[in-house]
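Next up, start_2.csv (CSV, C-alpha atoms and all ligand atoms):
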chain,number,residue,atom,x,y,z
W,1,MET,CA,-145.8,26.9,-9.9
W,2,ASP,CA,-147.2,29.3,-12.6
W,3,ARG,CA,-148.8,26.8,-14.9
W,4,VAL,CA,-149.9,23.2,-15.1
W,5,PRO,CA,-149.4,21.2,-18.3
W,6,GLN,CA,-152.4,21.3,-20.5
W,7,LEU,CA,-153.1,17.7,-21.3
W,8,SER,CA,-156.0,16.2,-23.3
W,9,HIS,CA,-155.9,13.4,-20.7
W,10,SER,CA,-157.4,14.5,-17.4
W,11,PHE,CA,-154.8,13.9,-14.7
W,12,ARG,CA,-156.1,12.6,-11.3
W,13,PRO,CA,-153.9,13.0,-8.2
W,14,PHE,CA,-153.0,9.6,-6.8
W,15,LEU,CA,-151.3,8.0,-3.9
W,16,ILE,CA,-148.0,6.1,-3.6
W,17,GLY,CA,-148.8,4.4,-0.3
W,18,ASP,CA,-149.9,7.4,1.8
W,19,VAL,CA,-147.9,10.0,-0.3
W,20,GLN,CA,-150.1,12.1,-2.6
W,21,VAL,CA,-148.8,12.8,-6.1
W,22,ASN,CA,-150.4,16.0,-7.3
W,23,ASN,CA,-148.9,16.6,-10.7
W,24,PRO,CA,-148.6,14.5,-13.8
W,25,PHE,CA,-144.9,14.9,-14.5
W,26,ILE,CA,-142.0,13.6,-12.4
W,27,LEU,CA,-138.3,14.4,-12.9
W,28,ALA,CA,-136.4,11.1,-13.4
W,29,PRO,CA,-133.5,10.1,-11.1
W,30,MET,CA,-130.3,10.9,-13.1
W,31,ASP,CA,-126.9,10.3,-11.7
W,32,GLY,CA,-124.8,13.5,-12.1
W,33,ILE,CA,-127.9,15.6,-12.9
W,34,SER,CA,-130.7,15.4,-10.4
W,35,ASP,CA,-128.9,16.9,-7.4
W,36,SER,CA,-130.8,19.0,-4.9
W,37,PRO,CA,-130.5,22.3,-6.8
W,38,PHE,CA,-131.8,20.8,-10.0
W,39,ARG,CA,-134.6,18.9,-8.2
W,40,LEU,CA,-135.6,22.1,-6.4
W,41,ILE,CA,-136.0,24.1,-9.6
W,42,THR,CA,-137.9,21.3,-11.4
W,43,ARG,CA,-140.1,20.8,-8.3
W,44,GLU,CA,-140.9,24.5,-8.3
W,45,LEU,CA,-141.7,24.3,-12.0
W,46,GLY,CA,-144.1,21.5,-11.3
W,47,SER,CA,-142.3,18.1,-11.1
W,48,ALA,CA,-144.5,16.2,-8.6
W,49,VAL,CA,-141.8,14.3,-6.7
W,50,SER,CA,-138.1,14.6,-6.1
W,51,TYR,CA,-136.1,11.4,-6.8
W,52,THR,CA,-132.4,11.5,-5.7
W,53,GLU,CA,-129.6,10.3,-7.9
W,54,PHE,CA,-129.1,6.6,-7.1
W,55,ILE,CA,-127.4,6.0,-3.8
W,56,ASN,CA,-124.9,3.0,-3.6
W,57,THR,CA,-125.9,1.3,-0.4
W,58,MET,CA,-122.5,-0.3,-0.2
W,59,ASP,CA,-121.1,3.2,0.5
W,60,VAL,CA,-123.7,3.8,3.2
W,61,VAL,CA,-122.7,0.8,5.3
W,62,SER,CA,-119.0,1.0,4.6
W,63,HIS,CA,-118.5,4.6,5.6
W,64,GLY,CA,-116.2,4.8,2.5
W,65,VAL,CA,-117.0,7.0,-0.4
W,66,SER,CA,-119.1,10.0,0.6
W,67,TYR,CA,-122.7,9.6,-0.4
W,68,GLU,CA,-124.2,12.3,1.8
W,69,LYS,CA,-124.5,15.0,-0.9
W,70,ARG,CA,-126.8,12.6,-2.7
W,71,CYS,CA,-129.0,12.4,0.3
W,72,PHE,CA,-129.3,16.1,1.0
W,73,PHE,CA,-132.6,17.7,0.1
W,74,SER,CA,-134.5,20.9,1.0
W,75,GLU,CA,-137.9,20.6,2.7
W,76,ALA,CA,-139.5,22.3,-0.3
W,77,GLU,CA,-138.6,19.3,-2.4
W,78,ARG,CA,-140.9,16.9,-0.5
W,79,PRO,CA,-142.2,14.4,-1.3
W,80,VAL,CA,-138.6,13.1,-1.6
W,81,VAL,CA,-137.7,9.6,-2.9
W,82,PHE,CA,-134.4,8.1,-2.0
W,83,GLN,CA,-133.3,5.8,-4.8
W,84,LEU,CA,-131.0,2.9,-3.8
W,85,PHE,CA,-128.9,0.5,-5.7
W,86,ASP,CA,-127.1,-2.7,-4.6
W,87,ASP,CA,-126.9,-6.4,-5.4
W,88,ASP,CA,-127.1,-7.5,-1.8
W,89,PRO,CA,-130.6,-7.4,-0.3
W,90,ALA,CA,-129.4,-7.6,3.4
W,91,ARG,CA,-127.0,-4.7,2.9
W,92,MET,CA,-129.6,-2.7,1.1
W,93,ILE,CA,-132.1,-3.2,3.9
W,94,LYS,CA,-129.5,-2.3,6.6
W,95,ALA,CA,-128.4,0.8,4.7
W,96,SER,CA,-132.0,1.9,4.1
W,97,LEU,CA,-132.7,1.9,7.8
W,98,LYS,CA,-129.6,4.0,8.5
W,99,LEU,CA,-130.6,6.4,5.7
W,100,TYR,CA,-134.2,6.6,7.0
W,101,GLN,CA,-133.1,7.3,10.5
W,102,ARG,CA,-130.9,10.2,9.5
W,103,TRP,CA,-132.8,11.8,6.6
W,104,LYS,CA,-136.5,10.7,6.8
W,105,PRO,CA,-137.3,10.5,3.0
W,106,ASP,CA,-140.9,10.1,2.1
W,107,ILE,CA,-140.4,7.0,-0.2
W,108,ILE,CA,-137.6,4.5,-0.9
W,109,ASP,CA,-137.2,3.4,-4.5
W,110,VAL,CA,-134.9,0.6,-5.7
W,111,ASN,CA,-133.1,0.9,-9.0
W,112,MET,CA,-133.7,-2.2,-11.1
W,113,GLY,CA,-133.1,-0.6,-14.5
W,114,CYS,CA,-129.6,0.9,-14.7
W,115,SER,CA,-127.7,-0.5,-17.7
W,116,VAL,CA,-124.3,1.1,-16.9
W,117,ARG,CA,-121.6,-1.6,-16.9
W,118,HIS,CA,-120.1,-1.0,-13.5
W,119,VAL,CA,-123.6,-1.3,-11.9
W,120,VAL,CA,-124.8,-4.4,-13.8
W,121,ASN,CA,-121.4,-6.2,-13.5
W,122,ARG,CA,-121.7,-6.2,-9.8
W,123,GLY,CA,-125.3,-7.6,-9.9
W,124,ALA,CA,-127.2,-4.4,-9.3
W,125,GLY,CA,-129.5,-2.2,-11.5
W,126,ALA,CA,-131.0,-4.1,-14.5
W,127,GLU,CA,-129.1,-7.3,-13.5
W,128,LEU,CA,-131.6,-7.7,-10.7
W,129,LEU,CA,-134.3,-8.4,-13.3
W,130,ARG,CA,-132.6,-11.7,-14.1
W,131,HIS,CA,-133.0,-12.7,-10.4
W,132,PRO,CA,-136.6,-12.5,-9.4
W,133,ASN,CA,-135.9,-14.2,-6.1
W,134,LYS,CA,-133.6,-11.3,-5.2
W,135,ILE,CA,-136.3,-8.9,-6.1
W,136,ILE,CA,-138.6,-10.7,-3.7
W,137,GLU,CA,-136.0,-10.5,-1.0
W,138,ILE,CA,-135.4,-6.8,-1.5
W,139,VAL,CA,-139.0,-5.7,-1.8
W,140,ASP,CA,-140.2,-8.0,1.0
W,141,GLY,CA,-137.3,-7.0,3.3
W,142,LEU,CA,-137.7,-3.3,2.7
W,143,VAL,CA,-141.5,-3.4,3.1
W,144,LYS,CA,-141.2,-5.3,6.4
W,145,VAL,CA,-138.8,-2.9,8.0
W,146,HIS,CA,-140.2,0.5,6.8
W,147,SER,CA,-143.5,2.2,7.3
W,148,ILE,CA,-142.9,4.5,4.3
W,149,PRO,CA,-143.8,3.4,0.8
W,150,ILE,CA,-141.3,1.2,-1.1
W,151,THR,CA,-141.2,1.4,-4.9
W,152,ILE,CA,-139.1,0.0,-7.8
W,153,LYS,CA,-137.9,1.4,-11.1
W,154,ILE,CA,-137.4,-1.2,-13.8
W,155,ARG,CA,-136.9,-1.9,-17.5
W,156,LEU,CA,-138.8,-4.4,-19.7
W,157,GLY,CA,-136.3,-7.1,-18.9
W,158,TRP,CA,-132.7,-7.9,-19.8
W,159,ASP,CA,-133.2,-8.4,-23.5
W,160,GLU,CA,-135.9,-9.1,-26.1
W,161,LEU,CA,-136.0,-12.8,-25.2
W,162,SER,CA,-136.3,-12.3,-21.5
W,163,LYS,CA,-138.8,-9.5,-21.0
W,164,ASN,CA,-140.3,-10.1,-17.6
W,165,TYR,CA,-141.7,-6.7,-16.5
W,166,LEU,CA,-145.2,-8.2,-16.0
W,167,GLU,CA,-143.7,-10.9,-13.6
W,168,VAL,CA,-141.6,-8.3,-11.8
W,169,GLY,CA,-144.5,-6.0,-11.5
W,170,ARG,CA,-146.7,-8.8,-10.0
W,171,ILE,CA,-143.9,-9.7,-7.6
W,172,ALA,CA,-143.5,-6.1,-6.5
W,173,GLN,CA,-147.2,-5.7,-5.9
W,174,ASP,CA,-147.6,-9.0,-4.1
W,175,TYR,CA,-144.8,-8.2,-1.7
W,176,GLY,CA,-146.1,-4.8,-0.9
W,177,ALA,CA,-144.5,-2.3,-3.2
W,178,SER,CA,-146.5,0.9,-3.5
W,179,ALA,CA,-145.7,1.9,-7.1
W,180,ILE,CA,-143.6,0.9,-10.1
W,181,THR,CA,-141.8,3.0,-12.8
W,182,LEU,CA,-141.3,1.3,-16.1
W,183,HIS,CA,-138.6,2.6,-18.5
W,184,ALA,CA,-140.1,0.8,-21.5
W,185,ARG,CA,-136.9,-0.6,-23.1
W,186,THR,CA,-134.8,-3.6,-22.3
W,187,LYS,CA,-131.4,-3.4,-20.7
W,188,GLU,CA,-129.9,-4.4,-24.1
W,189,GLN,CA,-131.7,-1.6,-25.8
W,190,ASN,CA,-130.0,0.8,-23.5
W,191,PHE,CA,-131.3,4.2,-24.8
W,192,MET,CA,-131.9,3.1,-28.4
W,193,ASP,CA,-135.1,2.1,-30.2
W,194,PRO,CA,-138.5,3.6,-29.7
W,195,ILE,CA,-140.3,3.2,-26.4
W,196,ASP,CA,-142.7,0.3,-26.1
W,197,LEU,CA,-145.9,2.1,-25.1
W,198,GLU,CA,-147.8,-1.2,-25.3
W,199,SER,CA,-145.8,-2.6,-22.4
W,200,ILE,CA,-146.6,0.3,-20.1
W,201,ALA,CA,-150.3,-0.2,-21.0
W,202,SER,CA,-150.1,-3.9,-20.2
W,203,LEU,CA,-148.4,-3.3,-16.9
W,204,LYS,CA,-150.9,-0.7,-15.9
W,205,GLN,CA,-153.8,-3.1,-16.8
W,206,SER,CA,-152.2,-6.0,-14.8
W,207,LEU,CA,-151.6,-4.1,-11.6
W,208,GLN,CA,-153.6,-2.2,-8.9
W,209,ILE,CA,-150.6,-0.1,-7.7
W,210,PRO,CA,-149.7,3.1,-9.6
W,211,VAL,CA,-147.6,2.7,-12.7
W,212,ILE,CA,-145.3,5.6,-13.8
W,213,GLY,CA,-144.4,5.5,-17.5
W,214,ASN,CA,-140.9,6.5,-18.6
W,215,GLY,CA,-138.9,6.9,-21.8
W,216,ASN,CA,-138.2,9.4,-24.5
W,217,ILE,CA,-140.7,12.1,-23.5
W,218,GLN,CA,-139.4,15.2,-25.2
W,219,SER,CA,-142.6,17.3,-25.5
W,220,ILE,CA,-146.0,17.8,-24.0
W,221,LYS,CA,-147.4,15.9,-27.0
W,222,ASP,CA,-145.2,12.9,-26.2
W,223,ALA,CA,-146.4,13.0,-22.6
W,224,ASP,CA,-150.0,13.2,-23.7
W,225,GLN,CA,-149.5,10.3,-26.0
W,226,MET,CA,-148.1,8.2,-23.2
W,227,PHE,CA,-151.0,9.0,-20.9
W,228,GLU,CA,-153.6,8.4,-23.6
W,229,TYR,CA,-152.2,5.2,-24.8
W,230,THR,CA,-151.1,3.6,-21.6
W,231,GLU,CA,-153.4,5.1,-18.9
W,232,CYS,CA,-150.4,5.3,-16.7
W,233,ASP,CA,-150.7,7.3,-13.5
W,234,ALA,CA,-147.8,9.8,-14.1
W,235,VAL,CA,-145.0,10.1,-16.6
W,236,MET,CA,-141.3,10.4,-15.7
W,237,ILE,CA,-139.1,12.7,-17.7
W,238,GLY,CA,-135.3,12.4,-17.8
W,239,ARG,CA,-133.0,13.8,-20.5
W,240,ALA,CA,-135.5,16.3,-22.0
W,241,ALA,CA,-135.6,18.0,-18.6
W,242,ILE,CA,-131.9,18.9,-18.8
W,243,TRP,CA,-132.5,21.3,-21.7
W,244,ASN,CA,-136.1,22.1,-20.9
W,245,PRO,CA,-136.9,22.0,-17.2
W,246,TRP,CA,-139.9,24.2,-18.0
W,247,ILE,CA,-141.6,21.1,-19.4
W,248,PHE,CA,-142.8,20.6,-15.9
W,249,SER,CA,-144.9,23.7,-16.2
W,250,GLY,CA,-146.3,22.6,-19.5
W,251,PHE,CA,-143.9,24.6,-21.8
W,252,ASP,CA,-142.5,22.9,-24.8
W,253,GLU,CA,-138.9,24.0,-25.6
W,254,ASN,CA,-139.9,26.7,-28.1
W,255,GLU,CA,-142.5,28.2,-25.8
W,256,VAL,CA,-140.5,29.1,-22.7
W,257,PRO,CA,-141.0,32.9,-22.0
W,258,TYR,CA,-137.8,34.8,-21.7
W,259,SER,CA,-138.6,36.2,-18.2
W,260,LEU,CA,-139.2,32.7,-16.8
W,261,PHE,CA,-136.1,31.3,-18.5
W,262,LEU,CA,-133.9,34.1,-17.0
W,263,GLU,CA,-135.4,33.7,-13.5
W,264,THR,CA,-135.0,29.9,-13.4
W,265,VAL,CA,-131.5,29.8,-14.9
W,266,LYS,CA,-130.1,32.5,-12.5
W,267,LYS,CA,-131.6,30.7,-9.6
W,268,HIS,CA,-130.2,27.4,-10.8
W,269,LEU,CA,-126.6,28.7,-11.0
W,270,GLU,CA,-126.9,30.5,-7.6
W,271,THR,CA,-128.2,27.4,-5.8
W,272,MET,CA,-125.6,25.2,-7.5
W,273,LYS,CA,-122.9,27.5,-6.1
W,274,GLN,CA,-124.4,27.4,-2.6
W,275,PHE,CA,-124.8,23.7,-2.7
W,276,HIS,CA,-121.4,22.6,-4.2
W,277,GLY,CA,-119.3,25.7,-3.3
W,278,PRO,CA,-118.5,28.5,-5.9
W,279,GLU,CA,-115.9,26.6,-7.9
W,280,LYS,CA,-117.3,23.1,-8.0
W,281,GLY,CA,-120.8,24.6,-8.4
W,282,CYS,CA,-119.8,26.4,-11.6
W,283,ILE,CA,-118.1,23.2,-12.9
W,284,VAL,CA,-121.1,21.0,-12.2
W,285,PHE,CA,-123.3,23.7,-13.8
W,286,ARG,CA,-121.4,23.5,-17.1
W,287,LYS,CA,-123.5,20.7,-18.5
W,288,PHE,CA,-126.6,22.8,-17.9
W,289,ALA,CA,-125.0,26.0,-19.0
W,290,LYS,CA,-124.1,24.4,-22.3
W,291,LYS,CA,-127.8,23.6,-22.9
W,292,TYR,CA,-129.0,27.0,-21.7
W,293,LEU,CA,-126.6,28.8,-23.9
W,294,GLN,CA,-127.6,26.8,-27.0
W,295,LYS,CA,-130.9,28.7,-26.8
W,296,PHE,CA,-129.0,31.9,-27.7
W,297,SER,CA,-127.8,32.8,-31.1
W,298,ILE,CA,-124.1,32.8,-30.4
W,299,PRO,CA,-121.3,30.7,-32.1
W,300,ALA,CA,-120.6,27.3,-30.7
W,301,GLU,CA,-116.9,28.3,-30.0
W,302,ARG,CA,-118.2,31.1,-27.8
W,303,ILE,CA,-120.2,28.7,-25.8
W,304,VAL,CA,-117.2,26.5,-25.2
W,305,GLU,CA,-115.1,29.5,-24.2
W,306,ILE,CA,-117.7,30.5,-21.6
W,307,ILE,CA,-118.4,27.1,-20.1
W,308,THR,CA,-114.7,26.4,-19.7
W,309,THR,CA,-113.9,29.7,-17.9
W,310,GLN,CA,-112.2,28.6,-14.7
W,311,ASP,CA,-112.7,31.5,-12.4
W,312,PRO,CA,-116.2,31.3,-10.9
W,313,VAL,CA,-116.7,35.1,-10.7
W,314,GLN,CA,-115.7,35.6,-14.3
W,315,PHE,CA,-117.8,32.6,-15.3
W,316,THR,CA,-120.9,33.9,-13.5
W,317,ASN,CA,-120.4,37.5,-14.8
W,318,THR,CA,-119.9,36.4,-18.4
W,319,PHE,CA,-122.7,33.8,-18.3
W,320,PHE,CA,-125.2,36.3,-16.8
W,321,HIS,CA,-124.2,39.1,-19.1
W,322,LEU,CA,-124.9,36.8,-22.1
W,323,ILE,CA,-128.3,35.4,-20.9
W,324,GLU,CA,-129.4,38.9,-20.0
W,325,ASN,CA,-129.3,39.8,-23.6
W,326,LYS,CA,-132.9,39.1,-24.6
W,327,ASN,CA,-132.3,39.9,-28.3
W,328,LEU,CA,-130.1,36.8,-28.6
W,329,TYR,CA,-132.7,34.5,-27.0
W,330,VAL,CA,-134.0,32.1,-29.7
W,331,ARG,CA,-135.7,29.6,-27.3
W,332,SER,CA,-135.2,26.2,-28.9
W,333,ILE,CA,-132.1,24.2,-29.4
W,334,THR,CA,-131.9,23.1,-33.0
W,335,LYS,CA,-129.7,20.0,-32.4
W,336,HIS,CA,-129.4,17.9,-29.3
W,337,ASP,CA,-126.0,16.7,-30.2
W,338,ASP,CA,-124.9,14.8,-27.2
W,339,GLU,CA,-128.1,13.2,-25.9
X,401,LIG,C1,-127.3,10.9,-17.2
X,401,LIG,C2,-128.3,9.9,-16.7
X,401,LIG,C3,-128.2,9.4,-15.4
X,401,LIG,C4,-129.2,8.5,-15.0
X,401,LIG,N1,-129.1,8.0,-13.7
X,401,LIG,C5,-130.1,7.2,-13.3
X,401,LIG,C6,-130.2,6.9,-11.9
X,401,LIG,O1,-129.4,7.3,-11.0
X,401,LIG,N2,-131.3,6.1,-11.5
X,401,LIG,C7,-132.2,5.6,-12.4
X,401,LIG,O2,-133.1,4.9,-12.0
X,401,LIG,N3,-132.1,5.9,-13.7
X,401,LIG,C8,-131.2,6.8,-14.1
X,401,LIG,N4,-131.2,7.1,-15.4
X,401,LIG,C9,-132.3,6.7,-16.3
X,401,LIG,C10,-133.4,7.8,-16.3
X,401,LIG,O3,-134.0,7.8,-15.0
X,401,LIG,C11,-134.5,7.4,-17.3
X,401,LIG,O4,-135.1,6.1,-16.9
X,401,LIG,C12,-134.0,7.3,-18.7
X,401,LIG,O5,-133.2,8.4,-19.0
X,401,LIG,C13,-135.2,7.3,-19.7
X,401,LIG,O6,-135.9,8.5,-19.6
X,401,LIG,P1,-135.7,9.7,-20.7
X,401,LIG,O7,-135.8,9.1,-22.1
X,401,LIG,O8,-136.8,10.6,-20.3
X,401,LIG,O9,-134.4,10.3,-20.5
X,401,LIG,C14,-130.2,8.0,-15.9
X,401,LIG,C15,-130.2,8.6,-17.2
X,401,LIG,C16,-129.3,9.5,-17.6
X,401,LIG,C17,-129.4,10.1,-19.0
So that I can check it, write out the structure of this file as structure tokens.
Ligand SMILES: Cc1cc2nc3c(=O)[nH]c(=O)nc-3n(C[C@H](O)[C@H](O)[C@H](O)COP(=O)(O)O)c2cc1C
Amino acid sequence: MDRVPQLSHSFRPFLIGDVQVNNPFILAPMDGISDSPFRLITRELGSAVSYTEFINTMDVVSHGVSYEKRCFFSEAERPVVFQLFDDDPARMIKASLKLYQRWKPDIIDVNMGCSVRHVVNRGAGAELLRHPNKIIEIVDGLVKVHSIPITIKIRLGWDELSKNYLEVGRIAQDYGASAITLHARTKEQNFMDPIDLESIASLKQSLQIPVIGNGNIQSIKDADQMFEYTECDAVMIGRAAIWNPWIFSGFDENEVPYSLFLETVKKHLETMKQFHGPEKGCIVFRKFAKKYLQKFSIPAERIVEIITTQDPVQFTNTFFHLIENKNLYVRSITKHDDE
């Protein structure tokens, strides 16, 4: 890592169980985004910990849909957190043992904040917040069978009238969880409305275990503000990392040096192709390519043309040819249209 974020808040390394967290920023788990290649580049840029995309533990015990790509990680990513989701505590515990035996992650985290319909409709993700007894079963069960730290990631509650993050935080701590991440919105708020910094501060004050704050951090200033206001132990960054993974090295979007940009992006595409295979790697890379190309002064139609190129060799050549033209590099994206 070249550079650490310059924060007015002085960051202190802390422990999640026995796992040391050395940097203030953590890449958020993001389904379809935080695969091993992306985690590796963000980890190298300074993200403190690697969270997998959520893993459906129903798949793990049923031998059905392949989940293994979600579990793969390179050693350089450690500490690695496997994030699980399910509505059935017994199945989650059984699957967690199988996963631990095979992959040896450093931490297991349980998703209690996902608001996506197919997840909550089956009783998982944020729906768990409406069932504190299930949360007890899950945390207690996982803590009893594992020697590695167990953590949870939550929202404020289901809706404005049922915010129960303080109760859930207390339960998690009492039953042995080693840290908690709070996305400071309710399930009903989804990704709308400002983040409730006050709630992160209250959770931090009410618990002894580390609290990781999450939600809408787009810049170093936003992160600083969250640290200052809430005294949380670390901040988790999701969507902003998709267009600016360099935030983990302390660069705001308009500050990323061209040489670092070029080095990271080339490595990202190459590792995606190795991980997913040349064709699929280029396809999965499209969502990042779109963001990266928006930092160049080229027409939107040209971006569409490039990212929809089917042939992986042609895609790679055209993409590299373009990003190698430093004169077109304008650094910041003026409009984050699809976030
Ligand atoms: C595309 C996408 C996928 C996500 N997948 C997950 C997931 O697998 N597990 C999880 O806990 N949260 C998931 N989230 C939520 C993020 O981890 C994070 O809590 C949320 O995006 C708020 O942070 P941000 O404002 O920095 O993006 C996802 C978010 C996005 C945008």
Practice problem: Please extract the residues at most 8 Å from ligand LIG 401 (chain X), counting only C-alpha atoms and all ligand atoms, and provide them as a ChimeraX atom specification, using the chain letters and residue numbers of this document. | Solution: /W:28-33,52-55,83,110-114,125,153-154,182-183,191,214-218,236-241,339
Practice problem: Please provide as a list in words all residues within 10 Å of Tyr51 in chain W, with the sequence filter that same-chain residues fewer than 3 positions apart are discarded (counting all atoms listed in the file). | Solution: Ile26, Leu27, Ala28, Pro29, Met30, Ser34, Asp35, Ser36, Arg39, Ala48, Phe54, Phe73, Glu77, Arg78, Pro79, Val80, Val81, Phe82, Gln83, Pro105, Ile107, Ile108 and Asp109 of chain W
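With distances taken over all atoms listed in the file, W:Ala179 is the one residue among W:Val65, W:Ala179, W:Ile136, W:Ala234 lying closest to Ile209 in chain W.
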Quiz item: So what do you get for CA of Asp86 in chain W versus CA of Glu68 in chain W, distance-wise?
Solution: 16.6 Å
Quiz item: Contacts of Pro37 in chain W at 12 Å or less, counting all atoms listed in the file, minus same-chain residues fewer than 6 places along, as an NGL selection string?
Solution: :W and (43-44 or 50 or 52 or 69-70 or 72-74 or 76-77 or 264-276 or 281 or 284-285 or 288)
Quiz item: If we count all atoms listed in the file, what is near Phe319 in chain W at a cut-off of 9 Å, once residues fewer than 6 positions away on the same chain are taken out, given as a PyMOL selection string?
Solution: chain W and resi 289+293+306-307
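Nearest to Ser8 in chain W of all the residues W:Gln225, W:Ser206, W:Ser66, W:Ser96 is W:Gln225, counting all atoms listed in the file.
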Quiz item: Which residues come within 10 Å of Ile93 in chain W, counting all atoms listed in the file, excluding same-chain residues fewer than 6 positions away, as a list in words?
Solution: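 Contacts, with the query itself left out: Thr57, Leu84, Asp86, Leu99, Glu137, Ile138, Val139, Asp140, Gly141, Leu142, Val143, Lys144, Val145 and His146 of chain W.
CA of Arg91 in chain W is positioned 7.0 Å from CA of Met58 in chain W.
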Exercise. Could you tell me which of W:Lys326, W:Arg331, W:Lys204, W:Lys290 comes closest to Asp252 in chain W if we count only C-alpha atoms?
Key: W:Arg331
Quiz prompt | Which residue of W:Asp87, W:Glu253, W:Glu263, W:Asp106 approaches Ser219 in chain W most closely, using only C-alpha atoms | solution =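 The closest residue to Ser219 in chain W is W:Glu253.
The space between CA of Gln101 in chain W and CA of Phe85 in chain W spans 18.1 Å.
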Quiz item: Which is closer to Glu127 in chain W than all the others in W:Thr151, W:Val211, W:Ser162, W:Ile242, using all atoms listed in the file?
Solution: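 That would be W:Ser162, the residue with the smallest distance to Glu127 in chain W.
Using all atoms listed in the file, the smallest distance between any of W:Asn22, W:Asn317, W:Gln205, W:Gln173 and Pro149 in chain W comes from W:Gln173.
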Practice problem: Might you pull out every residue within 8 Å of range 309-314 of chain W, with all atoms listed in the file counted and same-chain residues fewer than 3 positions away left off, and present them as a ChimeraX atom specification? | Solution: /W:278-279,282,305-306,317-318
